[in-house]
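Data from structure06.cif: mmCIF, C-alpha atoms
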data_start
#
loop_
_atom_site.label_atom_id
_atom_site.label_comp_id
_atom_site.auth_asym_id
_atom_site.auth_seq_id
_atom_site.Cartn_x
_atom_site.Cartn_y
_atom_site.Cartn_z
CA MET J 126 17.24 -3.33 90.44
CA ARG J 127 18.58 -2.01 87.14
CA ASP J 128 18.64 -5.56 85.69
CA TYR J 129 14.99 -6.00 86.68
CA PHE J 130 13.95 -3.20 84.31
CA PHE J 131 16.93 -3.02 81.91
CA PRO J 132 18.62 -6.43 81.53
CA ASP J 133 21.50 -7.02 79.14
CA MET J 134 19.95 -7.30 75.68
CA ARG J 135 23.13 -7.75 73.64
CA LEU J 136 22.56 -11.50 73.23
CA ARG J 137 19.40 -13.61 72.97
CA ASN J 138 18.41 -15.59 76.04
CA THR J 139 18.22 -19.10 74.61
CA VAL J 140 18.61 -20.89 77.93
CA ASP J 141 15.64 -20.07 80.14
CA LYS J 142 12.21 -21.58 79.50
CA GLU J 143 8.84 -19.89 79.56
CA LEU J 144 6.45 -21.21 82.19
CA LEU J 145 3.90 -22.23 79.55
CA GLU J 146 6.45 -24.67 78.17
CA PHE J 147 6.09 -26.82 81.29
CA LYS J 148 3.30 -29.39 81.45
CA ASP J 149 2.48 -28.99 85.15
CA VAL J 150 1.03 -25.48 84.97
CA GLU J 151 -2.03 -24.45 86.96
CA PRO J 152 -5.12 -25.04 84.75
CA ASP J 153 -6.95 -21.87 85.83
CA ARG J 154 -3.89 -19.73 85.35
CA LEU J 155 -3.25 -21.37 81.99
CA GLN J 156 -6.75 -20.60 80.71
CA ARG J 157 -6.51 -17.03 81.99
CA THR J 158 -3.19 -16.64 80.17
CA ILE J 159 -4.65 -17.92 76.90
CA ARG J 160 -7.67 -15.61 77.15
CA GLN J 161 -5.42 -12.63 77.86
CA PHE J 162 -3.51 -13.24 74.63
CA LYS J 163 -6.50 -11.71 72.86
CA LEU J 164 -5.93 -8.40 74.68
CA ILE J 165 -2.16 -8.50 74.23
CA ASN J 166 -2.38 -9.25 70.52
CA TYR J 167 -5.04 -6.60 69.99
CA LEU J 168 -3.06 -3.86 71.75
CA LEU J 169 0.55 -4.79 71.09
CA SER J 170 1.06 -7.26 68.25
CA ALA J 171 0.19 -5.04 65.25
CA SER J 172 -1.05 -8.21 63.52
CA SER J 173 -4.32 -6.75 62.23
CA ARG J 174 -2.53 -3.79 60.66
CA LEU J 175 0.13 -6.02 59.13
CA LEU J 176 -2.46 -8.38 57.67
CA ARG J 177 -4.33 -5.44 56.14
CA GLU J 178 -1.17 -3.92 54.66
CA HIS J 179 0.43 -7.05 53.28
CA PHE J 180 -2.28 -9.69 52.78
CA PHE J 181 -5.61 -7.98 52.26
CA SER J 182 -4.10 -5.46 49.87
CA ILE J 183 -3.14 -8.42 47.66
CA MET J 184 -6.54 -10.09 48.00
CA GLU J 185 -8.35 -7.00 46.81
CA GLN J 186 -6.50 -7.14 43.48
CA ASP J 187 -8.74 -10.13 42.66
CA PRO J 188 -11.72 -9.94 45.04
CA GLY J 189 -13.63 -12.77 43.39
CA ARG J 190 -11.02 -15.39 44.20
CA VAL J 191 -11.25 -17.77 47.17
CA TYR J 192 -8.09 -17.29 49.24
CA THR J 193 -6.44 -19.56 51.80
CA LEU J 194 -4.39 -18.61 54.84
CA LEU J 195 -2.35 -20.76 57.22
CA ASP J 196 -1.95 -19.35 60.73
CA VAL J 197 0.98 -21.21 62.32
CA GLY J 198 0.93 -21.34 66.11
CA ALA J 199 -2.60 -19.96 66.16
CA GLY J 200 -3.16 -20.47 69.89
CA GLY J 201 -6.66 -19.42 70.87
CA CYS J 202 -7.40 -18.26 67.28
CA ASP J 203 -7.94 -14.60 68.15
CA ILE J 204 -5.88 -13.40 65.19
CA ALA J 205 -7.50 -15.93 62.85
CA ILE J 206 -10.90 -14.59 63.95
CA ARG J 207 -9.83 -11.00 63.30
CA ALA J 208 -8.64 -12.01 59.84
CA ALA J 209 -11.97 -13.72 59.17
CA ASP J 210 -13.87 -10.62 60.35
CA GLU J 211 -11.74 -8.40 58.10
CA ALA J 212 -12.44 -10.62 55.10
CA ARG J 213 -16.17 -10.59 55.83
CA GLN J 214 -16.20 -6.80 56.08
CA ARG J 215 -14.39 -6.50 52.75
CA GLY J 216 -16.61 -9.07 51.04
CA LEU J 217 -13.64 -11.39 50.45
CA LYS J 218 -13.68 -15.17 50.60
CA LEU J 219 -10.94 -16.39 52.93
CA ASN J 220 -10.54 -19.90 54.31
CA ILE J 221 -8.21 -20.07 57.31
CA THR J 222 -6.35 -23.08 58.68
CA ALA J 223 -5.25 -22.56 62.28
CA LEU J 224 -2.35 -24.82 63.25
CA ASP J 225 -1.16 -25.41 66.81
CA ASN J 226 0.45 -28.31 68.67
CA ASP J 227 -0.61 -27.43 72.23
CA THR J 228 -3.56 -29.67 73.05
CA ARG J 229 -4.24 -27.65 76.21
CA ILE J 230 -5.27 -24.68 74.08
CA LEU J 231 -7.40 -26.47 71.49
CA PRO J 232 -10.67 -26.64 73.53
CA LEU J 233 -10.63 -22.85 73.97
CA ALA J 234 -9.81 -22.39 70.29
CA TYR J 235 -12.70 -24.60 69.16
CA GLN J 236 -15.05 -22.64 71.40
CA ALA J 237 -13.79 -19.33 70.01
CA ILE J 238 -14.39 -20.27 66.34
CA ARG J 239 -17.84 -21.83 66.74
CA ASP J 240 -19.38 -19.02 64.64
CA TYR J 241 -16.61 -19.09 62.02
CA PRO J 242 -17.06 -21.99 59.60
CA GLU J 243 -14.31 -20.52 57.43
CA ILE J 244 -11.73 -21.37 60.14
CA GLN J 245 -10.46 -24.92 60.44
CA ILE J 246 -8.26 -25.99 63.37
CA ILE J 247 -5.67 -28.70 62.93
CA GLU J 248 -3.19 -30.06 65.46
CA GLY J 249 0.34 -30.02 64.12
CA ASN J 250 3.95 -28.94 64.51
CA ALA J 251 5.29 -25.83 62.81
CA LEU J 252 8.45 -27.76 61.93
CA ASP J 253 6.54 -30.51 60.13
CA LEU J 254 4.24 -29.04 57.49
CA ARG J 255 4.80 -31.82 54.96
CA ARG J 256 1.21 -33.06 55.03
CA LEU J 257 -0.18 -29.62 54.22
CA SER J 258 -0.92 -28.39 50.72
CA PRO J 259 0.17 -24.91 49.58
CA PHE J 260 -1.64 -21.80 50.85
CA ASP J 261 -1.99 -18.36 49.35
CA PHE J 262 -0.77 -16.80 52.59
CA VAL J 263 1.18 -18.09 55.58
CA PHE J 264 1.29 -16.14 58.84
CA SER J 265 2.74 -16.52 62.32
CA ASN J 266 2.67 -14.33 65.39
CA HIS J 267 5.24 -14.64 68.19
CA LEU J 268 6.52 -17.97 66.88
CA LEU J 269 10.05 -17.32 65.63
CA HIS J 270 11.52 -16.36 69.00
CA HIS J 271 10.64 -19.84 70.29
CA LEU J 272 12.94 -21.41 67.68
CA ASP J 273 16.69 -21.71 67.36
CA TRP J 274 18.39 -20.81 64.07
CA ALA J 275 18.38 -24.37 62.75
CA ASP J 276 14.65 -24.68 63.38
CA ILE J 277 13.97 -21.32 61.77
CA LYS J 278 15.71 -22.62 58.64
CA ILE J 279 13.56 -25.78 58.67
CA PHE J 280 10.41 -23.71 59.19
CA LEU J 281 11.13 -21.14 56.49
CA ASP J 282 12.19 -23.78 53.94
CA SER J 283 8.81 -25.42 54.43
CA VAL J 284 6.89 -22.13 54.37
CA ILE J 285 8.58 -20.95 51.18
CA ALA J 286 7.61 -24.21 49.49
CA ARG J 287 3.96 -23.78 50.53
CA THR J 288 3.35 -20.09 49.87
CA ARG J 289 1.63 -18.97 46.68
CA LEU J 290 1.33 -15.22 47.33
CA ALA J 291 2.96 -14.02 50.55
CA PHE J 292 4.13 -15.02 54.00
CA LEU J 293 4.58 -12.83 57.04
CA MET J 294 6.15 -13.75 60.38
CA ASN J 295 5.41 -11.15 63.01
CA ASP J 296 7.57 -11.22 66.11
CA LEU J 297 9.07 -9.29 68.96
CA LYS J 298 12.09 -7.00 68.73
CA ARG J 299 14.60 -7.35 71.54
CA SER J 300 15.03 -4.01 73.26
CA ASN J 301 15.18 -2.51 76.73
CA TRP J 302 12.29 -0.17 76.00
CA ALA J 303 10.07 -3.04 74.89
CA TYR J 304 11.03 -4.90 78.06
CA LEU J 305 10.26 -1.93 80.29
CA GLY J 306 6.97 -1.22 78.53
CA PHE J 307 5.80 -4.79 78.82
CA THR J 308 6.83 -4.96 82.47
CA ILE J 309 4.51 -2.06 83.25
CA PHE J 310 1.73 -3.19 80.90
CA SER J 311 1.65 -6.77 82.13
CA ARG J 312 1.56 -5.88 85.79
CA LEU J 313 -1.46 -3.66 85.17
CA LEU J 314 -3.49 -5.54 82.56
CA THR J 315 -2.64 -9.25 82.73
CA PRO J 316 -2.95 -10.21 86.41
CA ARG J 317 -2.89 -13.76 87.76
CA SER J 318 -1.48 -15.26 84.58
CA TYR J 319 1.88 -16.32 83.17
CA HIS J 320 2.26 -13.27 80.97
CA PHE J 321 4.50 -11.22 83.25
CA HIS J 322 7.20 -13.90 83.39
CA ASP J 323 6.79 -15.32 79.90
CA GLY J 324 6.34 -12.03 78.08
CA ARG J 325 9.48 -10.52 79.56
CA LEU J 326 11.45 -13.66 78.77
CA SER J 327 10.03 -13.68 75.22
CA ILE J 328 11.47 -10.22 74.62
CA ARG J 329 14.86 -11.43 75.83
CA ARG J 330 14.55 -14.43 73.48
CA ALA J 331 13.56 -12.21 70.55
CA PHE J 332 15.68 -10.83 67.73
CA LEU J 333 17.42 -7.70 66.66
CA PRO J 334 16.44 -6.82 63.08
CA GLU J 335 20.02 -7.10 61.85
CA GLU J 336 20.31 -10.62 63.26
CA LEU J 337 17.40 -11.73 61.10
CA ARG J 338 18.68 -9.79 58.08
CA ASP J 339 22.07 -11.50 58.33
CA PHE J 340 20.32 -14.86 58.59
CA MET J 341 18.19 -14.21 55.51
CA ARG J 342 21.16 -12.98 53.47
CA SER J 343 23.19 -16.04 54.41
CA ASN J 344 20.48 -18.66 53.93
CA TYR J 345 18.19 -17.21 51.24
CA PRO J 346 20.36 -15.08 48.96
CA ASN J 347 18.07 -15.73 45.97
CA THR J 348 14.76 -15.23 47.77
CA PRO J 349 13.65 -11.61 48.36
CA ILE J 350 12.78 -11.89 52.05
CA ARG J 351 12.46 -8.53 53.78
CA VAL J 352 12.99 -7.87 57.47
CA ILE J 353 10.97 -4.84 58.57
CA GLU J 354 10.83 -2.95 61.84
CA THR J 355 7.47 -1.60 62.90
CA TYR J 356 5.72 -0.42 66.03
CA PRO J 357 5.31 -1.31 68.80
CA ALA J 358 8.74 -3.01 69.03
CA ARG J 359 8.06 -5.47 66.20
CA VAL J 360 10.29 -7.17 63.67
CA VAL J 361 8.59 -8.69 60.64
CA VAL J 362 9.83 -11.27 58.14
CA LEU J 363 8.00 -10.73 54.85
CA HIS J 364 8.10 -12.36 51.42
CA VAL J 365 5.80 -11.57 48.50
CA THR J 366 5.94 -13.91 45.53
CA PRO J 367 6.10 -12.87 41.88
CA GLU J 368 2.52 -14.12 41.43
CA ALA J 369 1.34 -11.50 43.92
CA LEU J 370 3.54 -8.74 42.56
CA PHE J 371 2.73 -9.38 38.88
CA PRO J 372 -0.62 -11.21 38.84
CA SER J 373 -1.34 -10.59 35.17
CA LYS J 374 1.84 -12.40 34.14
CA ASN J 375 0.89 -15.49 36.10
CA GLN J 376 -2.66 -15.95 34.89
#

As a first step, turn the structure in this file into structure tokens.
Amino acid sequence: MRDYFFPDMRLRNTVDKELLEFKDVEPDRLQRTIRQFKLINYLLSASSRLLREHFFSIMEQDPGRVYTLLDVGAGGCDIAIRAADEARQRGLKLNITALDNDTRILPLAYQAIRDYPEIQIIEGNALDLRRLSPFDFVFSNHLLHHLDWADIKIFLDSVIARTRLAFLMNDLKRSNWAYLGFTIFSRLLTPRSYHFHDGRLSIRRAFLPEELRDFMRSNYPNTPIRVIETYPARVVVLHVTPEALFPSKNQ
């Protein structure tokens, strides 16, 4: 019983697969799971706050500019839509490219963005961004814990090469308290979906902040990439370019 609520979190679980990774999932349960991501991201991901703090604060230094944002692993586009709404409220011009490689999700995503011409959906793999031009901002939510270390290196190399102003990778922090909290939350608020199994496994597949810091120090010693802890149980990989930090020197 103790392992059900407090499993061993000393090492990442890189063996087990989430149910959504299998192709033969129940269609109704799949759609319910995708729709419930909107609630989970709104309540637990901290993405809106992070975008305001680290992206929109940069945009407002030059509010007349047209900005571009790449949302990698955008899923049902709920975070892309919140970013578009934030830009509209601030009177900023922001064009968003939502990238995902799961064709099962795309119909729901297209339906969700029908009133958002500033959002473009493209099908593609996070590990193959070669056909994409640079963006002012690159963002991902709950993507890194799906990757092994070699793939994270491939992904970040590509992101660094395509980021003009800042990138931010928001992900889960591996902890017993996050696991317990999600166990209770998911049972109550995400019924009849894959969230209970997949969310708990995602936390076990997630990172400790120091693991990511060691990785960044080893692989990017000359790139100022920060690893930040924030609530609720989040670990954030953030890089702000010199162009964003010193805009007047780059004009």

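Put simply, the PyMOL selection byres ((chain J and resi 139-149) around 10) in this file takes in Leu136, Arg137, Asn138, Val150, Glu151, Pro152, Leu155, Thr158, Ile159, Asp227, Arg229, His270, His271, Leu272, Asp273, Tyr319, His320, His322, Asp323, Gly324, Arg325, Leu326, Ser327, Arg329, Arg330 and Ala331 of chain J.
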
Closest to J:Gln161 among J:Val360, J:Leu231, J:Arg338, J:Thr315, using only C-alpha atoms?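 For J:Gln161, the nearest of the given residues is J:Thr315.
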
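Picture a line from atom CA of J:Gly216 to atom CA of J:Glu243; it runs 13.3 Å.
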
Between atom CA of J:Gly249 and atom CA of J:Phe180, measure the distance and give it in Å to one decimal. 23.4 Å

Selection result of the PyMOL selection byres ((chain J and resi 355) around 12) on this file, as a tab-separated table (two decimals) with C-alpha atoms, in the frame of the given file:
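Done, and the output landed in result-v1.tsv:
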chain	number	residue	atom	x	y	z
J	169	LEU	CA	0.55	-4.79	71.09
J	170	SER	CA	1.06	-7.26	68.25
J	171	ALA	CA	0.19	-5.04	65.25
J	172	SER	CA	-1.05	-8.21	63.52
J	174	ARG	CA	-2.53	-3.79	60.66
J	175	LEU	CA	0.13	-6.02	59.13
J	295	ASN	CA	5.41	-11.15	63.01
J	296	ASP	CA	7.57	-11.22	66.11
J	297	LEU	CA	9.07	-9.29	68.96
J	298	LYS	CA	12.09	-7.00	68.73
J	334	PRO	CA	16.44	-6.82	63.08
J	352	VAL	CA	12.99	-7.87	57.47
J	353	ILE	CA	10.97	-4.84	58.57
J	354	GLU	CA	10.83	-2.95	61.84
J	356	TYR	CA	5.72	-0.42	66.03
J	357	PRO	CA	5.31	-1.31	68.80
J	358	ALA	CA	8.74	-3.01	69.03
J	359	ARG	CA	8.06	-5.47	66.20
J	360	VAL	CA	10.29	-7.17	63.67
J	361	VAL	CA	8.59	-8.69	60.64
J	362	VAL	CA	9.83	-11.27	58.14

Name all residues at most 10 Å from J:Met341 (count only C-alpha atoms; drop same-chain ones fewer than 3 positions away) and give them as a compact mmCIF listing (two decimals) with C-alpha atoms, in the frame of the given file.
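Listing of out.txt after writing:
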# COMPACT_ATOMS: atom_id res chain seq x y z
CA LYS J 278 15.71 -22.62 58.64
CA LEU J 281 11.13 -21.14 56.49
CA GLU J 335 20.02 -7.10 61.85
CA GLU J 336 20.31 -10.62 63.26
CA LEU J 337 17.40 -11.73 61.10
CA ARG J 338 18.68 -9.79 58.08
CA ASN J 344 20.48 -18.66 53.93
CA TYR J 345 18.19 -17.21 51.24
CA PRO J 346 20.36 -15.08 48.96
CA ASN J 347 18.07 -15.73 45.97
CA THR J 348 14.76 -15.23 47.77
CA PRO J 349 13.65 -11.61 48.36
CA ILE J 350 12.78 -11.89 52.05
CA ARG J 351 12.46 -8.53 53.78
CA VAL J 352 12.99 -7.87 57.47
CA VAL J 362 9.83 -11.27 58.14

Test item: which residues lie within 12 Å of (-7.3, -9.2, 62.4) counting all atoms listed in the file, as an MDAnalysis selection string: chainID J and resid 163 166:168 170:178 180:181 196 202:214 264 266

Can you work out which one of J:Val197, J:Leu363, J:Ile183, J:Ala237 has the shortest atom-to-atom distance to J:Leu217, counting all atoms listed in the file?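 Smallest separation from J:Leu217 among the options: J:Ile183.
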
Within 7 Å of (7.1, -6.8, 75.9), in the coordinates the file gives, what residues turn up when you count all atoms listed in the file, written out as a PDB file with C-alpha atoms, keeping the file's coordinate frame?
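Below is the file point.pdb, written as the result:
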ATOM      1  CA  ALA J 303      10.070  -3.040  74.890  1.00  0.00           C
ATOM      2  CA  TYR J 304      11.030  -4.900  78.060  1.00  0.00           C
ATOM      3  CA  GLY J 306       6.970  -1.220  78.530  1.00  0.00           C
ATOM      4  CA  PHE J 307       5.800  -4.790  78.820  1.00  0.00           C
ATOM      5  CA  THR J 308       6.830  -4.960  82.470  1.00  0.00           C
ATOM      6  CA  GLY J 324       6.340 -12.030  78.080  1.00  0.00           C
ATOM      7  CA  ARG J 325       9.480 -10.520  79.560  1.00  0.00           C
ATOM      8  CA  ILE J 328      11.470 -10.220  74.620  1.00  0.00           C
TER       9      ILE J 328
END

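For the set J:Arg287, J:Arg135, J:His364, J:Arg317, the residue with the smallest atom-to-atom gap to J:His179 is J:His364, counting all atoms listed in the file.
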
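As for atom CA of J:Thr228 and atom CA of J:Ile285, they are spaced 26.5 Å apart.
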
Would you write out, as a list in words, every residue that the PyMOL selection byres ((chain J and resi 259) around 6) captures in this file? Ser258, Phe260, Arg287 and Thr288 of chain J
